[in-house]
$ cat final_29.cif   # mmCIF, N, CA and C atoms
data_input
loop_
_atom_site.label_atom_id
_atom_site.label_comp_id
_atom_site.auth_asym_id
_atom_site.auth_seq_id
_atom_site.Cartn_x
_atom_site.Cartn_y
_atom_site.Cartn_z
N MET A 910 0.85 -1.20 0.00
CA MET A 910 0.00 0.00 0.00
C MET A 910 0.88 1.25 0.00
N SER A 911 0.56 2.16 -0.89
CA SER A 911 1.31 3.41 -0.95
C SER A 911 0.57 4.51 -0.19
N VAL A 912 1.33 5.38 0.41
CA VAL A 912 0.75 6.53 1.11
C VAL A 912 0.40 7.60 0.08
N THR A 913 -0.79 8.14 0.21
CA THR A 913 -1.22 9.24 -0.65
C THR A 913 -1.63 10.42 0.25
N LEU A 914 -2.06 11.47 -0.39
CA LEU A 914 -2.50 12.64 0.37
C LEU A 914 -3.73 12.32 1.22
N ASP A 915 -4.49 11.29 0.82
CA ASP A 915 -5.72 10.94 1.54
C ASP A 915 -5.50 9.91 2.66
N THR A 916 -4.28 9.48 2.83
CA THR A 916 -4.01 8.44 3.81
C THR A 916 -3.94 9.02 5.23
N ALA A 917 -4.52 8.28 6.17
CA ALA A 917 -4.41 8.64 7.59
C ALA A 917 -3.22 7.87 8.17
N CYS A 918 -2.26 8.59 8.70
CA CYS A 918 -1.04 7.96 9.20
C CYS A 918 -0.74 8.41 10.62
N GLU A 919 0.22 7.74 11.21
CA GLU A 919 0.73 8.16 12.51
C GLU A 919 2.14 7.61 12.69
N LEU A 920 2.87 8.23 13.57
CA LEU A 920 4.21 7.75 13.90
C LEU A 920 4.06 6.42 14.63
N ASP A 921 4.84 5.42 14.24
CA ASP A 921 4.77 4.13 14.91
C ASP A 921 5.20 4.31 16.37
N PRO A 922 4.47 3.75 17.31
CA PRO A 922 4.82 3.95 18.73
C PRO A 922 6.17 3.37 19.12
N ARG A 923 6.71 2.49 18.28
CA ARG A 923 8.04 1.93 18.59
C ARG A 923 9.17 2.82 18.08
N VAL A 924 8.82 4.01 17.58
CA VAL A 924 9.82 4.93 17.02
C VAL A 924 10.09 6.09 17.98
N SER A 925 11.35 6.37 18.13
CA SER A 925 11.75 7.52 18.94
C SER A 925 12.33 8.59 18.03
N LEU A 926 11.92 9.83 18.26
CA LEU A 926 12.47 10.95 17.49
C LEU A 926 13.40 11.74 18.39
N ARG A 927 14.57 12.02 17.88
CA ARG A 927 15.51 12.87 18.62
C ARG A 927 15.81 14.12 17.79
N ALA A 928 15.57 15.27 18.38
CA ALA A 928 15.80 16.53 17.66
C ALA A 928 17.28 16.72 17.36
N GLU A 929 17.55 17.16 16.14
CA GLU A 929 18.92 17.46 15.72
C GLU A 929 18.91 18.82 15.02
N THR A 930 20.09 19.38 14.80
CA THR A 930 20.15 20.70 14.15
C THR A 930 19.58 20.67 12.74
N PHE A 931 19.74 19.54 12.04
CA PHE A 931 19.25 19.44 10.66
C PHE A 931 17.78 19.06 10.59
N GLY A 932 17.22 18.58 11.70
CA GLY A 932 15.84 18.09 11.72
C GLY A 932 15.65 17.13 12.88
N ALA A 933 15.74 15.84 12.59
CA ALA A 933 15.62 14.86 13.67
C ALA A 933 16.13 13.49 13.21
N LEU A 934 16.43 12.67 14.17
CA LEU A 934 16.74 11.27 13.92
C LEU A 934 15.55 10.44 14.37
N ALA A 935 15.14 9.50 13.53
CA ALA A 935 14.06 8.59 13.90
C ALA A 935 14.66 7.20 14.02
N TYR A 936 14.44 6.57 15.17
CA TYR A 936 14.96 5.22 15.38
C TYR A 936 13.81 4.29 15.75
N HIS A 937 13.74 3.17 15.03
CA HIS A 937 12.69 2.18 15.27
C HIS A 937 13.27 1.07 16.15
N TYR A 938 12.73 0.92 17.35
CA TYR A 938 13.25 -0.07 18.29
C TYR A 938 12.93 -1.50 17.88
N GLY A 939 11.97 -1.68 16.98
CA GLY A 939 11.63 -3.03 16.54
C GLY A 939 12.53 -3.53 15.43
N ASN A 940 12.62 -2.76 14.36
CA ASN A 940 13.42 -3.23 13.22
C ASN A 940 14.81 -2.59 13.17
N ARG A 941 15.13 -1.73 14.13
CA ARG A 941 16.45 -1.09 14.28
C ARG A 941 16.79 -0.21 13.08
N LYS A 942 15.78 0.31 12.41
CA LYS A 942 16.07 1.23 11.31
C LYS A 942 16.28 2.64 11.84
N LEU A 943 17.20 3.33 11.21
CA LEU A 943 17.53 4.69 11.61
C LEU A 943 17.36 5.58 10.39
N VAL A 944 16.57 6.63 10.56
CA VAL A 944 16.28 7.52 9.43
C VAL A 944 16.56 8.96 9.83
N PHE A 945 17.28 9.65 8.97
CA PHE A 945 17.48 11.08 9.15
C PHE A 945 16.28 11.82 8.57
N LEU A 946 15.63 12.63 9.37
CA LEU A 946 14.61 13.55 8.86
C LEU A 946 15.33 14.88 8.64
N LYS A 947 15.53 15.23 7.38
CA LYS A 947 16.52 16.25 7.06
C LYS A 947 15.98 17.66 6.90
N HIS A 948 14.77 17.87 7.35
CA HIS A 948 14.21 19.23 7.31
C HIS A 948 13.23 19.39 8.47
N PRO A 949 13.24 20.52 9.15
CA PRO A 949 12.31 20.72 10.27
C PRO A 949 10.85 20.53 9.86
N ASP A 950 10.51 20.84 8.62
CA ASP A 950 9.12 20.69 8.19
C ASP A 950 8.69 19.22 8.15
N VAL A 951 9.59 18.36 7.74
CA VAL A 951 9.21 16.94 7.69
C VAL A 951 9.11 16.39 9.11
N VAL A 952 9.90 16.93 10.02
CA VAL A 952 9.78 16.54 11.43
C VAL A 952 8.41 16.96 11.96
N ALA A 953 8.02 18.18 11.66
CA ALA A 953 6.72 18.68 12.12
C ALA A 953 5.58 17.86 11.53
N VAL A 954 5.72 17.48 10.27
CA VAL A 954 4.67 16.67 9.63
C VAL A 954 4.57 15.31 10.30
N VAL A 955 5.70 14.67 10.51
CA VAL A 955 5.70 13.33 11.12
C VAL A 955 5.12 13.39 12.54
N ARG A 956 5.48 14.41 13.29
CA ARG A 956 4.97 14.54 14.66
C ARG A 956 3.46 14.77 14.68
N ASP A 957 2.95 15.46 13.66
CA ASP A 957 1.54 15.87 13.66
C ASP A 957 0.61 14.91 12.91
N LEU A 958 1.16 13.88 12.30
CA LEU A 958 0.34 13.00 11.46
C LEU A 958 -0.89 12.46 12.19
N SER A 959 -0.71 12.09 13.44
CA SER A 959 -1.82 11.44 14.17
C SER A 959 -2.91 12.43 14.56
N ARG A 960 -2.63 13.71 14.45
CA ARG A 960 -3.59 14.72 14.90
C ARG A 960 -4.54 15.18 13.79
N HIS A 961 -4.34 14.65 12.57
CA HIS A 961 -5.15 15.11 11.44
C HIS A 961 -5.70 13.91 10.66
N PRO A 962 -6.84 14.10 10.02
CA PRO A 962 -7.50 12.97 9.34
C PRO A 962 -6.70 12.40 8.17
N THR A 963 -5.96 13.24 7.48
CA THR A 963 -5.19 12.77 6.31
C THR A 963 -3.83 13.46 6.28
N LEU A 964 -2.97 12.93 5.40
CA LEU A 964 -1.67 13.57 5.20
C LEU A 964 -1.84 14.99 4.66
N ALA A 965 -2.78 15.16 3.76
CA ALA A 965 -3.02 16.50 3.20
C ALA A 965 -3.40 17.50 4.29
N ASP A 966 -4.24 17.07 5.21
CA ASP A 966 -4.63 17.95 6.32
C ASP A 966 -3.41 18.30 7.19
N THR A 967 -2.53 17.33 7.36
CA THR A 967 -1.32 17.60 8.15
C THR A 967 -0.43 18.61 7.44
N LEU A 968 -0.29 18.46 6.13
CA LEU A 968 0.56 19.38 5.37
C LEU A 968 0.00 20.80 5.43
N ILE A 969 -1.31 20.91 5.37
CA ILE A 969 -1.95 22.22 5.47
C ILE A 969 -1.71 22.81 6.86
N ALA A 970 -1.90 21.98 7.88
CA ALA A 970 -1.76 22.45 9.26
C ALA A 970 -0.34 22.91 9.55
N VAL A 971 0.63 22.21 8.99
CA VAL A 971 2.04 22.56 9.23
C VAL A 971 2.44 23.77 8.37
N GLY A 972 1.70 24.02 7.31
CA GLY A 972 2.00 25.17 6.45
C GLY A 972 2.95 24.86 5.31
N VAL A 973 2.95 23.61 4.87
CA VAL A 973 3.80 23.22 3.74
C VAL A 973 3.15 23.69 2.44
N HIS A 974 3.91 24.40 1.62
CA HIS A 974 3.37 24.90 0.35
C HIS A 974 3.01 23.73 -0.57
N PRO A 975 1.89 23.82 -1.27
CA PRO A 975 1.47 22.71 -2.15
C PRO A 975 2.52 22.29 -3.19
N ASP A 976 3.38 23.19 -3.61
CA ASP A 976 4.43 22.81 -4.56
C ASP A 976 5.36 21.74 -3.98
N ARG A 977 5.43 21.70 -2.67
CA ARG A 977 6.34 20.75 -2.01
C ARG A 977 5.64 19.45 -1.62
N TRP A 978 4.34 19.38 -1.80
CA TRP A 978 3.59 18.20 -1.35
C TRP A 978 4.07 16.89 -1.97
N PRO A 979 4.39 16.85 -3.26
CA PRO A 979 4.86 15.56 -3.82
C PRO A 979 6.09 15.01 -3.10
N SER A 980 6.98 15.90 -2.71
CA SER A 980 8.17 15.45 -1.98
C SER A 980 7.80 14.89 -0.62
N PHE A 981 6.81 15.51 0.01
CA PHE A 981 6.39 15.04 1.33
C PHE A 981 5.63 13.72 1.25
N VAL A 982 4.83 13.58 0.21
CA VAL A 982 4.13 12.30 0.02
C VAL A 982 5.16 11.19 -0.19
N ALA A 983 6.15 11.46 -1.01
CA ALA A 983 7.19 10.46 -1.26
C ALA A 983 7.96 10.14 0.02
N ALA A 984 8.23 11.17 0.80
CA ALA A 984 8.98 10.97 2.05
C ALA A 984 8.17 10.13 3.04
N VAL A 985 6.89 10.46 3.21
CA VAL A 985 6.06 9.72 4.16
C VAL A 985 5.82 8.30 3.66
N ASP A 986 5.70 8.14 2.35
CA ASP A 986 5.55 6.80 1.79
C ASP A 986 6.80 5.96 2.08
N SER A 987 7.96 6.57 1.96
CA SER A 987 9.20 5.87 2.27
C SER A 987 9.28 5.55 3.76
N LEU A 988 8.84 6.48 4.59
CA LEU A 988 8.82 6.23 6.04
C LEU A 988 7.84 5.11 6.38
N HIS A 989 6.76 4.99 5.60
CA HIS A 989 5.82 3.90 5.80
C HIS A 989 6.48 2.57 5.44
N SER A 990 7.23 2.55 4.36
CA SER A 990 7.94 1.33 3.96
C SER A 990 8.94 0.90 5.03
N SER A 991 9.50 1.88 5.71
CA SER A 991 10.48 1.58 6.76
C SER A 991 9.82 1.32 8.11
N GLU A 992 8.50 1.41 8.16
CA GLU A 992 7.72 1.20 9.38
C GLU A 992 7.94 2.30 10.42
N ILE A 993 8.51 3.41 10.01
CA ILE A 993 8.63 4.56 10.92
C ILE A 993 7.25 5.17 11.11
N VAL A 994 6.48 5.16 10.01
CA VAL A 994 5.11 5.67 10.02
C VAL A 994 4.19 4.50 9.69
N ARG A 995 3.03 4.47 10.31
CA ARG A 995 2.08 3.41 9.98
C ARG A 995 0.73 4.02 9.61
N VAL A 996 -0.03 3.26 8.86
CA VAL A 996 -1.37 3.70 8.46
C VAL A 996 -2.32 3.34 9.60
N ARG A 997 -3.22 4.24 9.90
CA ARG A 997 -4.18 3.98 11.00
C ARG A 997 -5.60 3.87 10.44
N MET B 1314 51.57 46.26 -27.69
CA MET B 1314 50.52 45.97 -28.67
C MET B 1314 49.19 45.85 -27.95
N GLU B 1315 48.22 46.54 -28.38
CA GLU B 1315 46.90 46.54 -27.75
C GLU B 1315 46.14 45.27 -28.12
N PRO B 1316 45.51 44.65 -27.15
CA PRO B 1316 44.69 43.48 -27.49
C PRO B 1316 43.51 43.92 -28.34
N THR B 1317 43.15 43.08 -29.22
CA THR B 1317 42.03 43.42 -30.10
C THR B 1317 40.83 42.55 -29.77
N GLU B 1318 39.72 43.07 -30.03
CA GLU B 1318 38.48 42.33 -29.75
C GLU B 1318 37.64 42.32 -31.00
N SER B 1319 37.24 41.16 -31.38
CA SER B 1319 36.39 41.08 -32.56
C SER B 1319 34.99 40.66 -32.16
N VAL B 1320 34.06 41.26 -32.73
CA VAL B 1320 32.67 40.95 -32.45
C VAL B 1320 32.05 40.39 -33.71
N ILE B 1321 31.46 39.23 -33.55
CA ILE B 1321 30.81 38.60 -34.71
C ILE B 1321 29.31 38.72 -34.50
N ALA B 1322 28.70 39.40 -35.35
CA ALA B 1322 27.25 39.57 -35.25
C ALA B 1322 26.58 38.52 -36.11
N THR B 1323 25.64 37.82 -35.51
CA THR B 1323 24.90 36.80 -36.24
C THR B 1323 23.45 37.24 -36.35
N LYS B 1324 22.99 37.23 -37.54
CA LYS B 1324 21.61 37.60 -37.75
C LYS B 1324 20.71 36.40 -37.55
N ILE B 1325 19.73 36.55 -36.67
CA ILE B 1325 18.79 35.45 -36.42
C ILE B 1325 17.67 35.53 -37.43
N THR B 1326 17.61 34.50 -38.22
CA THR B 1326 16.61 34.50 -39.28
C THR B 1326 15.37 33.68 -38.93
N GLU B 1327 15.55 32.73 -37.98
CA GLU B 1327 14.42 31.86 -37.63
C GLU B 1327 13.56 32.54 -36.57
N PRO B 1328 12.27 32.36 -36.66
CA PRO B 1328 11.40 32.94 -35.63
C PRO B 1328 11.67 32.32 -34.26
N ILE B 1329 11.60 33.16 -33.25
CA ILE B 1329 11.82 32.69 -31.89
C ILE B 1329 10.47 32.42 -31.24
N THR B 1330 10.30 31.19 -30.79
CA THR B 1330 9.04 30.81 -30.15
C THR B 1330 9.23 30.82 -28.64
N PRO B 1331 8.49 31.67 -27.96
CA PRO B 1331 8.64 31.68 -26.50
C PRO B 1331 8.16 30.37 -25.89
N VAL B 1332 8.86 29.93 -24.85
CA VAL B 1332 8.50 28.70 -24.17
C VAL B 1332 7.52 29.04 -23.06
N ALA B 1333 6.42 28.32 -23.03
CA ALA B 1333 5.43 28.56 -21.99
C ALA B 1333 6.03 28.26 -20.62
N ALA B 1334 5.69 29.09 -19.66
CA ALA B 1334 6.26 28.94 -18.33
C ALA B 1334 5.97 27.57 -17.74
N SER B 1335 4.77 27.06 -17.98
CA SER B 1335 4.41 25.78 -17.38
C SER B 1335 5.23 24.63 -17.93
N SER B 1336 5.55 24.69 -19.25
CA SER B 1336 6.30 23.59 -19.81
C SER B 1336 7.78 23.68 -19.45
N ALA B 1337 8.23 24.87 -19.08
CA ALA B 1337 9.64 25.04 -18.76
C ALA B 1337 9.91 24.78 -17.28
N ARG B 1338 8.85 24.58 -16.54
CA ARG B 1338 9.00 24.43 -15.10
C ARG B 1338 9.63 23.08 -14.74
N VAL B 1339 10.55 23.13 -13.87
CA VAL B 1339 11.23 21.93 -13.44
C VAL B 1339 10.91 21.72 -11.96
N VAL B 1340 10.37 20.56 -11.67
CA VAL B 1340 10.05 20.25 -10.28
C VAL B 1340 11.22 19.48 -9.68
N VAL B 1341 11.80 20.02 -8.66
CA VAL B 1341 12.92 19.38 -8.00
C VAL B 1341 12.42 18.79 -6.69
N GLU B 1342 12.58 17.50 -6.58
CA GLU B 1342 12.11 16.83 -5.37
C GLU B 1342 13.11 17.05 -4.25
N GLU B 1343 12.58 17.47 -3.14
CA GLU B 1343 13.43 17.72 -1.99
C GLU B 1343 13.92 16.41 -1.39
N LEU B 1344 15.11 16.45 -0.88
CA LEU B 1344 15.61 15.31 -0.13
C LEU B 1344 15.23 15.53 1.33
N LEU B 1345 14.15 14.89 1.75
CA LEU B 1345 13.62 15.14 3.09
C LEU B 1345 14.05 14.09 4.10
N ILE B 1346 14.30 12.89 3.63
CA ILE B 1346 14.69 11.83 4.56
C ILE B 1346 15.85 11.03 3.97
N GLU B 1347 16.57 10.40 4.86
CA GLU B 1347 17.66 9.52 4.42
C GLU B 1347 17.73 8.36 5.41
N GLU B 1348 17.57 7.16 4.91
CA GLU B 1348 17.61 5.98 5.78
C GLU B 1348 18.99 5.37 5.74
N ILE B 1349 19.50 5.03 6.90
CA ILE B 1349 20.79 4.35 6.94
C ILE B 1349 20.61 3.02 7.65
N SER B 1350 21.46 2.08 7.32
CA SER B 1350 21.40 0.78 7.96
C SER B 1350 22.48 0.70 9.02
N ILE B 1351 22.08 0.23 10.19
CA ILE B 1351 23.08 0.05 11.24
C ILE B 1351 23.41 -1.43 11.41
N ASP B 1352 22.82 -2.28 10.53
CA ASP B 1352 23.19 -3.69 10.56
C ASP B 1352 24.66 -3.81 10.20
N GLY B 1353 25.33 -4.70 10.84
CA GLY B 1353 26.75 -4.88 10.56
C GLY B 1353 27.63 -3.95 11.35
N MET B 1354 27.03 -3.14 12.21
CA MET B 1354 27.82 -2.23 13.03
C MET B 1354 28.11 -2.83 14.40
N CYS B 1355 27.76 -4.11 14.59
CA CYS B 1355 28.03 -4.75 15.87
C CYS B 1355 29.54 -4.73 16.12
N GLY B 1356 29.91 -4.37 17.29
CA GLY B 1356 31.33 -4.32 17.62
C GLY B 1356 31.91 -2.94 17.46
N VAL B 1357 31.15 -2.04 16.81
CA VAL B 1357 31.64 -0.67 16.64
C VAL B 1357 31.54 0.09 17.96
N TYR B 1358 30.44 -0.22 18.70
CA TYR B 1358 30.26 0.52 19.94
C TYR B 1358 30.77 -0.26 21.14
#
$ encode --input "final_29.cif" --output "structure tokens"
Amino acid sequence: MSVTLDTACELDPRVSLRAETFGALAYHYGNRKLVFLKHPDVVAVVRDLSRHPTLADTLIAVGVHPDRWPSFVAAVDSLHSSEIVRVR
Amino acid sequence: MEPTESVIATKITEPITPVAASSARVVVEELLIEEISIDGMCGVY
């Protein structure tokens, strides 16, 4: 399953986020995957996913310009593949 | 001896067609995440 703008997602509870100067580090305690979140906006999106009905709503709430949405969809889809983010 | 500069003027005979802004637009995907593997790092720490 691919993540789209209409997908409802959330950060997997087995993932810890650690703030860094470039954004954040995400570590999954189950599969031991480590992912660099390389922009503060993607950190804000990942943190807020569970608070909004869809990814699109999260992007709007965080203030991500629509021109950048394809990159964010691809990023969250990749995070879903890595189990950092899960569909709810 | 003074350096010389030559200018070659080329007459453009073909019509110039402006490129529409939408077709010239290039979408650059941001690099937002990077996954690294820590498998095989046993013994490093």
$ atom_distance --input "final_29.cif" --atom1 "atom CA of A:Arg977" --atom2 "atom CA of A:Ala965"
11.5 Å
$ closest_atom_pairs --input "final_29.cif" --of "chain A" --to "chain B" --cutoff "6 Å" --atoms "all atoms listed in the file" --output "Markdown table"
| residue | atom | partner | partner_atom | distance |
| --- | --- | --- | --- | --- |
| A:Leu943 | C | B:Ile1349 | N | 4.1 |
| A:Val944 | CA | B:Glu1348 | CA | 4.2 |
| A:Phe945 | N | B:Glu1347 | C | 3.8 |
| A:Leu946 | CA | B:Ile1346 | CA | 4.6 |
| A:Lys947 | N | B:Leu1345 | C | 3.8 |
| A:His948 | N | B:Leu1345 | C | 5.0 |
| A:Ser980 | CA | B:Glu1343 | N | 5.0 |
| A:Ala984 | CA | B:Ile1346 | N | 5.9 |
$ atom_distance --input "final_29.cif" --atom1 "atom CA of A:Pro922" --atom2 "atom CA of A:Ala970"
21.8 Å
$ closest_residue --input "final_29.cif" --among "A:Cys918, A:Leu964, A:Val952, A:Ala935" --to "A:Val982" --atoms "all atoms listed in the file"
A:Leu964
$ atom_distance --input "final_29.cif" --atom1 "atom CA of A:Phe931" --atom2 "atom CA of A:Phe981"
16.5 Å
$ closest_residue --input "final_29.cif" --among "A:Pro979, A:Arg956, A:Asn940, A:Leu914" --to "A:Leu926" --atoms "only C-alpha atoms"
A:Arg956
$ axis_aligned_box --input "final_29.cif" --around "stretch 931-941 of chain A" --padding-each-side "5 Å" --output "JSON"
{"center_x": 15.7, "center_y": 8.0, "center_z": 14.4, "size_x": 18.1, "size_y": 33.1, "size_z": 17.7}
$ residues_near_point --input "final_29.cif" --point "(-4.3, 5.1, 8.7)" --cutoff "5 Å" --atoms "all atoms listed in the file" --output "mmCIF file with N, CA and C atoms, in the frame of the given file"
data_model
loop_
_atom_site.group_PDB
_atom_site.id
_atom_site.type_symbol
_atom_site.label_atom_id
_atom_site.label_comp_id
_atom_site.auth_asym_id
_atom_site.auth_seq_id
_atom_site.Cartn_x
_atom_site.Cartn_y
_atom_site.Cartn_z
ATOM 1 N N ALA A 917 -4.520 8.280 6.170
ATOM 2 C CA ALA A 917 -4.410 8.640 7.590
ATOM 3 C C ALA A 917 -3.220 7.870 8.170
ATOM 4 N N CYS A 918 -2.260 8.590 8.700
ATOM 5 C CA CYS A 918 -1.040 7.960 9.200
ATOM 6 C C CYS A 918 -0.740 8.410 10.620
ATOM 7 N N VAL A 996 -0.030 3.260 8.860
ATOM 8 C CA VAL A 996 -1.370 3.700 8.460
ATOM 9 C C VAL A 996 -2.320 3.340 9.600
ATOM 10 N N ARG A 997 -3.220 4.240 9.900
ATOM 11 C CA ARG A 997 -4.180 3.980 11.000
ATOM 12 C C ARG A 997 -5.600 3.870 10.440
#
$ closest_residue --input "final_29.cif" --among "A:Gly932, A:Asp957, A:Lys942, A:Pro975" --to "A:Leu920" --atoms "only N, CA and C atoms"
A:Asp957
